[in-house]
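For reference, start17.pdb is printed below; it contains PDB, C-alpha atoms, pLDDT in the B column.
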```
ATOM      1  CA  MET A   1      78.969 149.214  87.532  1.00 48.00           C
ATOM      2  CA  ALA A   2      77.672 152.754  87.132  1.00 57.00           C
ATOM      3  CA  ASN A   3      74.238 153.438  85.680  1.00 63.00           C
ATOM      4  CA  ALA A   4      74.268 152.556  81.989  1.00 64.00           C
ATOM      5  CA  ASN A   5      72.973 155.857  80.633  1.00 64.00           C
ATOM      6  CA  ALA A   6      71.277 159.140  81.506  1.00 59.00           C
ATOM      7  CA  ASN A   7      67.822 157.529  81.476  1.00 63.00           C
ATOM      8  CA  ASP A   8      68.744 155.000  84.155  1.00 63.00           C
ATOM      9  CA  TRP A   9      67.818 156.253  87.618  1.00 61.00           C
ATOM     10  CA  SER A  10      68.268 152.980  89.446  1.00 67.00           C
ATOM     11  CA  GLU A  11      69.239 153.564  93.083  1.00 69.00           C
ATOM     12  CA  SER A  12      71.083 150.220  93.160  1.00 71.00           C
ATOM     13  CA  TYR A  13      74.150 151.725  91.512  1.00 67.00           C
ATOM     14  CA  PRO A  14      76.879 152.444  92.090  1.00 70.00           C
ATOM     15  CA  THR A  15      77.416 149.703  94.649  1.00 73.00           C
ATOM     16  CA  ALA A  16      79.683 150.065  97.662  1.00 71.00           C
ATOM     17  CA  GLY A  17      82.355 147.974  95.940  1.00 72.00           C
ATOM     18  CA  GLU A  18      82.115 149.831  92.634  1.00 72.00           C
ATOM     19  CA  VAL A  19      85.292 150.420  90.650  1.00 73.00           C
ATOM     20  CA  VAL A  20      86.415 153.996  91.320  1.00 69.00           C
ATOM     21  CA  ALA A  21      87.197 154.546  87.645  1.00 70.00           C
ATOM     22  CA  LEU A  22      83.488 154.229  86.815  1.00 72.00           C
ATOM     23  CA  GLY A  23      82.619 157.148  89.106  1.00 75.00           C
ATOM     24  CA  ALA A  24      83.217 159.710  86.353  1.00 78.00           C
ATOM     25  CA  ALA A  25      80.685 157.998  84.080  1.00 78.00           C
ATOM     26  CA  GLU A  26      78.162 157.879  86.918  1.00 78.00           C
ATOM     27  CA  ILE A  27      78.543 161.608  87.552  1.00 80.00           C
ATOM     28  CA  ARG A  28      78.157 162.441  83.845  1.00 80.00           C
ATOM     29  CA  TYR A  29      75.032 160.294  83.524  1.00 80.00           C
ATOM     30  CA  LEU A  30      73.594 161.836  86.674  1.00 80.00           C
ATOM     31  CA  ARG A  31      74.181 165.392  85.461  1.00 80.00           C
ATOM     32  CA  THR A  32      72.720 164.560  82.033  1.00 82.00           C
ATOM     33  CA  GLY A  33      69.682 162.880  83.600  1.00 81.00           C
ATOM     34  CA  VAL A  34      69.004 165.853  85.890  1.00 82.00           C
ATOM     35  CA  LYS A  35      69.266 168.210  82.914  1.00 81.00           C
ATOM     36  CA  GLN A  36      66.833 166.089  80.870  1.00 84.00           C
ATOM     37  CA  ARG A  37      64.218 166.310  83.586  1.00 84.00           C
ATOM     38  CA  LEU A  38      64.946 169.976  84.283  1.00 83.00           C
ATOM     39  CA  LEU A  39      64.351 170.918  80.651  1.00 86.00           C
ATOM     40  CA  LYS A  40      60.812 169.524  80.743  1.00 87.00           C
ATOM     41  CA  GLU A  41      59.633 172.652  82.615  1.00 89.00           C
ATOM     42  CA  HIS A  42      62.658 174.923  82.953  1.00 88.00           C
ATOM     43  CA  VAL A  43      64.828 177.252  80.899  1.00 87.00           C
ATOM     44  CA  THR A  44      68.033 175.615  79.635  1.00 85.00           C
ATOM     45  CA  PRO A  45      70.789 175.784  82.288  1.00 79.00           C
ATOM     46  CA  ALA A  46      73.944 177.530  81.090  1.00 76.00           C
ATOM     47  CA  ALA A  47      76.885 178.871  83.073  1.00 72.00           C
ATOM     48  CA  ALA A  48      76.935 178.869  86.880  1.00 71.00           C
ATOM     49  CA  ASN A  49      73.738 180.379  88.343  1.00 75.00           C
ATOM     50  CA  VAL A  50      72.320 181.023  84.852  1.00 79.00           C
ATOM     51  CA  GLY A  51      69.122 179.474  83.468  1.00 81.00           C
ATOM     52  CA  GLY A  52      66.924 176.870  85.107  1.00 82.00           C
ATOM     53  CA  GLU A  53      64.007 179.259  85.741  1.00 86.00           C
ATOM     54  CA  HIS A  54      60.475 177.863  85.343  1.00 86.00           C
ATOM     55  CA  ARG A  55      58.989 178.064  81.863  1.00 89.00           C
ATOM     56  CA  GLN A  56      55.561 179.659  81.366  1.00 89.00           C
ATOM     57  CA  GLY A  57      52.766 177.267  82.315  1.00 89.00           C
ATOM     58  CA  SER A  58      55.058 174.934  84.231  1.00 88.00           C
ATOM     59  CA  ALA A  59      53.376 175.463  87.622  1.00 86.00           C
ATOM     60  CA  ILE A  60      50.423 173.269  88.641  1.00 90.00           C
ATOM     61  CA  SER A  61      47.973 174.645  91.219  1.00 94.00           C
ATOM     62  CA  TYR A  62      45.980 172.619  93.725  1.00 95.00           C
ATOM     63  CA  PHE A  63      42.699 171.440  92.166  1.00 94.00           C
ATOM     64  CA  GLY A  64      39.574 170.198  93.944  1.00 91.00           C
ATOM     65  CA  ALA A  65      36.109 170.788  95.413  1.00 91.00           C
ATOM     66  CA  TYR A  66      37.377 172.719  98.411  1.00 90.00           C
ATOM     67  CA  THR A  67      34.215 174.637  99.369  1.00 85.00           C
ATOM     68  CA  GLY A  68      31.832 171.715  98.954  1.00 72.00           C
ATOM     69  CA  GLU A  69      30.994 168.617 100.927  1.00 66.00           C
ATOM     70  CA  GLY A  70      33.113 169.697 103.877  1.00 64.00           C
ATOM     71  CA  LYS A  71      36.398 169.284 102.023  1.00 77.00           C
ATOM     72  CA  ALA A  72      39.064 171.640 103.328  1.00 89.00           C
ATOM     73  CA  PHE A  73      41.637 173.579 101.346  1.00 94.00           C
ATOM     74  CA  PRO A  74      45.162 172.085 101.302  1.00 95.00           C
ATOM     75  CA  ILE A  75      47.322 172.447 104.414  1.00 95.00           C
ATOM     76  CA  TYR A  76      50.362 170.548 103.118  1.00 96.00           C
ATOM     77  CA  ARG A  77      52.894 171.038 100.366  1.00 95.00           C
ATOM     78  CA  PRO A  78      52.518 168.772  97.310  1.00 93.00           C
ATOM     79  CA  ASP A  79      54.504 166.057  99.099  1.00 93.00           C
ATOM     80  CA  GLY A  80      51.437 165.583 101.326  1.00 94.00           C
ATOM     81  CA  VAL A  81      53.574 165.655 104.483  1.00 95.00           C
ATOM     82  CA  THR A  82      55.206 169.056 104.950  1.00 96.00           C
ATOM     83  CA  VAL A  83      52.929 171.612 106.621  1.00 96.00           C
ATOM     84  CA  PHE A  84      52.827 175.061 105.021  1.00 96.00           C
ATOM     85  CA  THR A  85      55.288 177.681 106.233  1.00 95.00           C
ATOM     86  CA  SER A  86      55.631 181.358 105.346  1.00 94.00           C
ATOM     87  CA  ASP A  87      57.693 180.253 102.336  1.00 94.00           C
ATOM     88  CA  ASP A  88      54.479 178.801 100.834  1.00 95.00           C
ATOM     89  CA  LEU A  89      52.508 182.069 100.759  1.00 95.00           C
ATOM     90  CA  GLY A  90      51.304 182.698  97.220  1.00 94.00           C
ATOM     91  CA  ARG A  91      50.466 179.079  96.349  1.00 95.00           C
ATOM     92  CA  LEU A  92      47.330 178.756  94.193  1.00 95.00           C
ATOM     93  CA  ALA A  93      44.277 176.481  94.358  1.00 95.00           C
ATOM     94  CA  PHE A  94      41.386 176.164  91.913  1.00 93.00           C
ATOM     95  CA  ASP A  95      38.060 175.354  93.579  1.00 91.00           C
ATOM     96  CA  THR A  96      35.805 173.347  91.251  1.00 89.00           C
ATOM     97  CA  VAL A  97      32.690 174.317  93.253  1.00 85.00           C
ATOM     98  CA  THR A  98      32.966 178.109  92.991  1.00 81.00           C
ATOM     99  CA  GLU A  99      35.139 177.931  89.838  1.00 82.00           C
ATOM    100  CA  GLN A 100      37.427 180.536  91.376  1.00 85.00           C
ATOM    101  CA  ILE A 101      41.150 180.703  92.013  1.00 90.00           C
ATOM    102  CA  TYR A 102      42.316 181.107  95.608  1.00 93.00           C
ATOM    103  CA  VAL A 103      45.727 182.223  96.874  1.00 95.00           C
ATOM    104  CA  LEU A 104      47.382 181.218 100.152  1.00 96.00           C
ATOM    105  CA  THR A 105      47.681 184.501 102.081  1.00 95.00           C
ATOM    106  CA  ALA A 106      48.437 183.246 105.593  1.00 95.00           C
ATOM    107  CA  ILE A 107      49.756 180.013 107.086  1.00 92.00           C
ATOM    108  CA  THR A 108      46.681 179.577 109.316  1.00 90.00           C
ATOM    109  CA  PRO A 109      46.217 178.475 106.517  1.00 92.00           C
ATOM    110  CA  THR A 110      44.056 181.150 104.904  1.00 94.00           C
ATOM    111  CA  TRP A 111      43.005 180.839 101.272  1.00 94.00           C
ATOM    112  CA  SER A 112      41.670 184.090  99.759  1.00 90.00           C
ATOM    113  CA  VAL A 113      39.794 184.520  96.484  1.00 86.00           C
ATOM    114  CA  LEU A 114      42.059 185.858  93.780  1.00 83.00           C
ATOM    115  CA  SER A 115      40.540 188.956  92.209  1.00 71.00           C
ATOM    116  CA  SER A 116      38.664 188.260  88.998  1.00 70.00           C
ATOM    117  CA  GLY A 117      38.070 191.914  88.110  1.00 74.00           C
ATOM    118  CA  MET A 118      34.733 192.012  89.962  1.00 76.00           C
ATOM    119  CA  ASP A 119      34.339 194.574  92.733  1.00 79.00           C
ATOM    120  CA  PRO A 120      33.519 193.304  95.266  1.00 81.00           C
ATOM    121  CA  VAL A 121      34.965 189.872  94.495  1.00 71.00           C
ATOM    122  CA  VAL A 122      32.305 188.251  96.693  1.00 71.00           C
ATOM    123  CA  TYR A 123      28.959 190.069  96.878  1.00 75.00           C
ATOM    124  CA  ASP A 124      27.835 190.701 100.457  1.00 78.00           C
ATOM    125  CA  GLY A 125      24.923 193.129 100.241  1.00 79.00           C
ATOM    126  CA  GLU A 126      26.745 196.192  98.917  1.00 85.00           C
ATOM    127  CA  GLU A 127      24.875 198.884  96.969  1.00 91.00           C
ATOM    128  CA  SER A 128      27.201 198.664  93.990  1.00 92.00           C
ATOM    129  CA  VAL A 129      28.788 195.961  91.820  1.00 91.00           C
ATOM    130  CA  THR A 130      31.459 196.724  89.205  1.00 91.00           C
ATOM    131  CA  PHE A 131      32.041 194.323  86.322  1.00 89.00           C
ATOM    132  CA  PRO A 132      35.483 193.677  84.753  1.00 84.00           C
ATOM    133  CA  ASN A 133      34.533 195.727  81.654  1.00 88.00           C
ATOM    134  CA  GLY A 134      33.749 198.800  83.798  1.00 90.00           C
ATOM    135  CA  LEU A 135      29.947 198.538  83.776  1.00 94.00           C
ATOM    136  CA  ILE A 136      28.505 199.362  87.216  1.00 95.00           C
ATOM    137  CA  ILE A 137      25.138 198.356  88.648  1.00 96.00           C
ATOM    138  CA  LYS A 138      23.789 200.001  91.792  1.00 96.00           C
ATOM    139  CA  MET A 139      20.590 199.045  93.594  1.00 94.00           C
ATOM    140  CA  GLY A 140      18.576 200.027  96.635  1.00 93.00           C
ATOM    141  CA  TYR A 141      15.248 201.040  98.164  1.00 90.00           C
ATOM    142  CA  ALA A 142      13.855 204.517  98.811  1.00 87.00           C
ATOM    143  CA  ALA A 143      10.911 205.128 101.164  1.00 84.00           C
ATOM    144  CA  ASN A 144       8.219 207.633 100.136  1.00 79.00           C
ATOM    145  CA  THR A 145       8.717 210.365 102.724  1.00 74.00           C
ATOM    146  CA  ASN A 146       7.500 213.072 100.345  1.00 75.00           C
ATOM    147  CA  SER A 147       6.132 213.338  96.824  1.00 79.00           C
ATOM    148  CA  THR A 148       9.716 213.443  95.564  1.00 84.00           C
ATOM    149  CA  VAL A 149      12.742 211.721  97.011  1.00 88.00           C
ATOM    150  CA  VAL A 150      16.359 212.339  96.056  1.00 92.00           C
ATOM    151  CA  VAL A 151      18.413 209.157  96.038  1.00 94.00           C
ATOM    152  CA  THR A 152      22.133 209.813  96.536  1.00 96.00           C
ATOM    153  CA  PHE A 153      24.529 206.982  95.709  1.00 96.00           C
ATOM    154  CA  GLU A 154      26.928 205.822  98.414  1.00 93.00           C
ATOM    155  CA  THR A 155      29.675 206.072  95.802  1.00 93.00           C
ATOM    156  CA  PRO A 156      29.153 208.144  92.625  1.00 95.00           C
ATOM    157  CA  PHE A 157      29.529 206.616  89.179  1.00 96.00           C
ATOM    158  CA  PRO A 158      33.097 207.458  88.031  1.00 95.00           C
ATOM    159  CA  THR A 159      32.022 208.608  84.557  1.00 95.00           C
ATOM    160  CA  GLY A 160      28.248 208.812  84.258  1.00 94.00           C
ATOM    161  CA  ILE A 161      24.852 207.159  84.606  1.00 95.00           C
ATOM    162  CA  LEU A 162      23.044 205.366  81.784  1.00 94.00           C
ATOM    163  CA  THR A 163      19.622 204.518  83.176  1.00 93.00           C
ATOM    164  CA  VAL A 164      17.528 204.010  86.316  1.00 94.00           C
ATOM    165  CA  ALA A 165      14.743 201.444  86.556  1.00 90.00           C
ATOM    166  CA  PRO A 166      12.340 201.824  89.522  1.00 87.00           C
ATOM    167  CA  GLY A 167      10.049 199.134  90.885  1.00 78.00           C
ATOM    168  CA  TRP A 168       7.221 200.618  92.944  1.00 71.00           C
ATOM    169  CA  ARG A 169       6.206 199.226  96.291  1.00 65.00           C
ATOM    170  CA  HIS A 170       2.641 200.321  97.086  1.00 61.00           C
ATOM    171  CA  SER A 171      -0.138 199.750  99.651  1.00 58.00           C
ATOM    172  CA  ASN A 172      -3.011 199.751  97.172  1.00 56.00           C
ATOM    173  CA  ALA A 173      -3.768 198.493  93.701  1.00 49.00           C
ATOM    174  CA  THR A 174      -3.546 201.891  92.003  1.00 56.00           C
ATOM    175  CA  LEU A 175      -0.874 201.902  89.357  1.00 55.00           C
ATOM    176  CA  ASP A 176       0.721 204.760  87.486  1.00 57.00           C
ATOM    177  CA  SER A 177       3.778 205.361  85.371  1.00 56.00           C
ATOM    178  CA  PRO A 178       6.996 205.818  87.376  1.00 64.00           C
ATOM    179  CA  SER A 179       8.890 209.061  87.012  1.00 82.00           C
ATOM    180  CA  ILE A 180      12.641 209.562  87.257  1.00 88.00           C
ATOM    181  CA  ASN A 181      14.162 213.045  87.167  1.00 89.00           C
ATOM    182  CA  ASN A 182      17.557 214.710  87.504  1.00 93.00           C
ATOM    183  CA  LEU A 183      19.811 211.770  86.665  1.00 93.00           C
ATOM    184  CA  SER A 184      23.483 212.353  87.433  1.00 95.00           C
ATOM    185  CA  ALA A 185      26.572 210.411  88.395  1.00 96.00           C
ATOM    186  CA  THR A 186      25.860 211.165  92.055  1.00 96.00           C
ATOM    187  CA  SER A 187      22.050 210.963  92.413  1.00 96.00           C
ATOM    188  CA  PHE A 188      18.577 210.918  90.859  1.00 95.00           C
ATOM    189  CA  THR A 189      15.055 211.951  91.887  1.00 93.00           C
ATOM    190  CA  LEU A 190      12.095 209.610  92.350  1.00 87.00           C
ATOM    191  CA  VAL A 191       8.656 211.165  91.811  1.00 86.00           C
ATOM    192  CA  PHE A 192       5.773 209.442  93.636  1.00 78.00           C
ATOM    193  CA  VAL A 193       2.572 210.341  91.799  1.00 70.00           C
ATOM    194  CA  ASN A 194       0.204 208.232  93.888  1.00 63.00           C
ATOM    195  CA  SER A 195       0.009 208.729  97.668  1.00 59.00           C
ATOM    196  CA  GLY A 196      -0.406 204.984  98.152  1.00 59.00           C
ATOM    197  CA  LYS A 197       3.146 204.372  97.062  1.00 65.00           C
ATOM    198  CA  THR A 198       5.144 203.431 100.158  1.00 75.00           C
ATOM    199  CA  GLY A 199       8.472 203.411  98.362  1.00 80.00           C
ATOM    200  CA  ALA A 200      10.399 202.163  95.368  1.00 84.00           C
ATOM    201  CA  TYR A 201      13.106 199.627  94.672  1.00 87.00           C
ATOM    202  CA  TRP A 202      15.527 200.971  92.084  1.00 91.00           C
ATOM    203  CA  THR A 203      18.355 199.762  89.855  1.00 94.00           C
ATOM    204  CA  ALA A 204      20.828 202.205  88.328  1.00 96.00           C
ATOM    205  CA  ILE A 205      23.308 201.366  85.585  1.00 97.00           C
ATOM    206  CA  GLY A 206      26.364 203.439  84.723  1.00 96.00           C
ATOM    207  CA  TYR A 207      30.108 203.308  84.231  1.00 96.00           C
TER
END
```
This structure in structure tokens:
Amino acid sequence: MANANANDWSESYPTAGEVVALGAAEIRYLRTGVKQRLLKEHVTPAAANVGGEHRQGSAISYFGAYTGEGKAFPIYRPDGVTVFTSDDLGRLAFDTVTEQIYVLTAITPTWSVLSSGMDPVVYDGEESVTFPNGLIIKMGYAANTNSTVVVTFETPFPTGILTVAPGWRHSNATLDSPSINNLSATSFTLVFVNSGKTGAYWTAIGY
């Protein structure tokens, strides 16, 4: 006999010797069963080629410690057998070590960090870091080649500068108050009062 209802997905039916008249019931149950499962994560199917799109939140990304303990990012589709092809570009993976989301950008495969609003996304020694809210921190070192040194930013602050904090590097124990002049979105001036100062580390904050 045909499957008894839409919830019955037994692959034993219909049998080879099944009564042809029961085929219609089998088809109806099959269509109803497929629709039941489709509706769990998809828009209600309607007329031909209408509906069936994924609902919000229905996709599940890969999830694991991919940058720790030598564990590699996925190279297969969720079936665990099919190797990625160009059709898989854009798949997502959450790495529990870095707590960042990665996107498949090449079928090498190459997993790239999805932008989180930070610029750069991964810090690699740049002068400047921009936070998602627009706050910018720049940092560097200026050698004392004269009593005053103009520090020019590699990239100006888009709007303006808020403050500069210097940290003197000196060759003797003489201390004096640091002096910062001429703050602007593009540069500032360091004033070295004591000749023993060999330079200054500085941090500038702006937006």
Two-atom distance - CA of Thr186 (chain A), CA of Thr152 (chain A) (Å): 6.0 Å
Evaluate the PyMOL selection byres ((chain A and resi 126) around 12) and report residues as a PyMOL selection string: chain A and resi 119-125+127-130+137-140+153-155
Listed atoms of region 196-207 of chain A boxed axis-aligned with 3 Å per side, centre + edges as lines of an AutoDock Vina configuration file:
```
center_x = 14.9
center_y = 202.3
center_z = 92.2
size_x = 36.5
size_y = 11.4
size_z = 21.9
```
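Here the selection is built from only C-alpha atoms, and the residues within 7 Å of (55.2, 172.8, 83.1) turn out to be Lys40, Glu41, Arg55, Gly57, Ser58 and Ala59 of chain A.
The space between CA of Ile180 (chain A) and CA of Ile205 (chain A) spans 13.6 Å.
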Which value, in Å to one decimal, gives the distance between CA of Ser179 (chain A) and CA of Trp202 (chain A)?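 These atoms are spaced 11.6 Å apart.
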Neighbouring residues of Tyr207 (chain A) were defined as those with any atom within 9 Å, considering all atoms listed in the file; residues of the same chain fewer than 5 positions away were excluded. Please report them as an MDAnalysis selection string. chainID A and resid 130 134:137 157:162 185
Could you give me, as a PyMOL selection string, the residues within 8 Å of Val191 (chain A), counting all atoms listed in the file and dropping anything in the same chain fewer than 6 positions from it? chain A and resi 147-149+178-181
To verify the selection step, state as a list in words which residues the PyMOL selection byres ((chain A and resi 104) around 6) yields on this input. Leu89, Gly90, Arg91, Val103, Thr105, Ala106, Thr110 and Trp111 of chain A
Name the residues captured by the PyMOL selection byres ((chain A and resi 141) around 10) when it is applied to the shown file; answer as a PyMOL selection string. chain A and resi 127+139-140+142-144+151+166-169+199-203
Take the residues that were just selected and, keeping C-alpha atoms, output them as a CSV table (one decimal), in the coordinates of the input.
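Generated file (part29.csv):
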```csv
chain,number,residue,atom,x,y,z
A,127,GLU,CA,24.9,198.9,97.0
A,139,MET,CA,20.6,199.0,93.6
A,140,GLY,CA,18.6,200.0,96.6
A,142,ALA,CA,13.9,204.5,98.8
A,143,ALA,CA,10.9,205.1,101.2
A,144,ASN,CA,8.2,207.6,100.1
A,151,VAL,CA,18.4,209.2,96.0
A,166,PRO,CA,12.3,201.8,89.5
A,167,GLY,CA,10.0,199.1,90.9
A,168,TRP,CA,7.2,200.6,92.9
A,169,ARG,CA,6.2,199.2,96.3
A,199,GLY,CA,8.5,203.4,98.4
A,200,ALA,CA,10.4,202.2,95.4
A,201,TYR,CA,13.1,199.6,94.7
A,202,TRP,CA,15.5,201.0,92.1
A,203,THR,CA,18.4,199.8,89.9
```
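Candidate residues A:Ser61, A:Thr108, A:Asn49, A:Asn182 were compared for distance to Ser86 (chain A), and the nearest is A:Thr108, using all atoms listed in the file.
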When you count all atoms listed in the file, which of these residues is closest to Tyr62 (chain A): A:Gln100, A:Ser184, A:Thr32, A:Asn133?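 Among the listed residues, the smallest separation from Tyr62 (chain A) belongs to A:Gln100.
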Which residue gives the smallest distance to Phe63 (chain A) among A:Leu183, A:Leu30, A:Leu39, A:Ala93, with all atoms listed in the file counted?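 With all atoms listed in the file as the atom set, the closest residue is A:Ala93.
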When you look at Thr98 (chain A) with a cut-off of 12 Å (counting only C-alpha atoms), what residues show up, excluding the ones that are within fewer than 4 positions of it in the same chain? I need them as a list in words.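 Near Thr98 (chain A), the qualifying residues are Phe63, Gly64, Ala65, Tyr66, Thr67, Gly68, Ala93, Phe94, Tyr102, Val113, Leu114 and Val122 of chain A.
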For Tyr29 (chain A), the nearest of the candidates A:Val43, A:Ile101, A:Phe73, A:Pro14, counting only C-alpha atoms: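 So, comparing all the options, the nearest one is A:Pro14.
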A:Leu38, A:Ser187, A:Arg28, A:Asp95: which is nearest Lys71 (chain A), counting all atoms listed in the file? A:Asp95
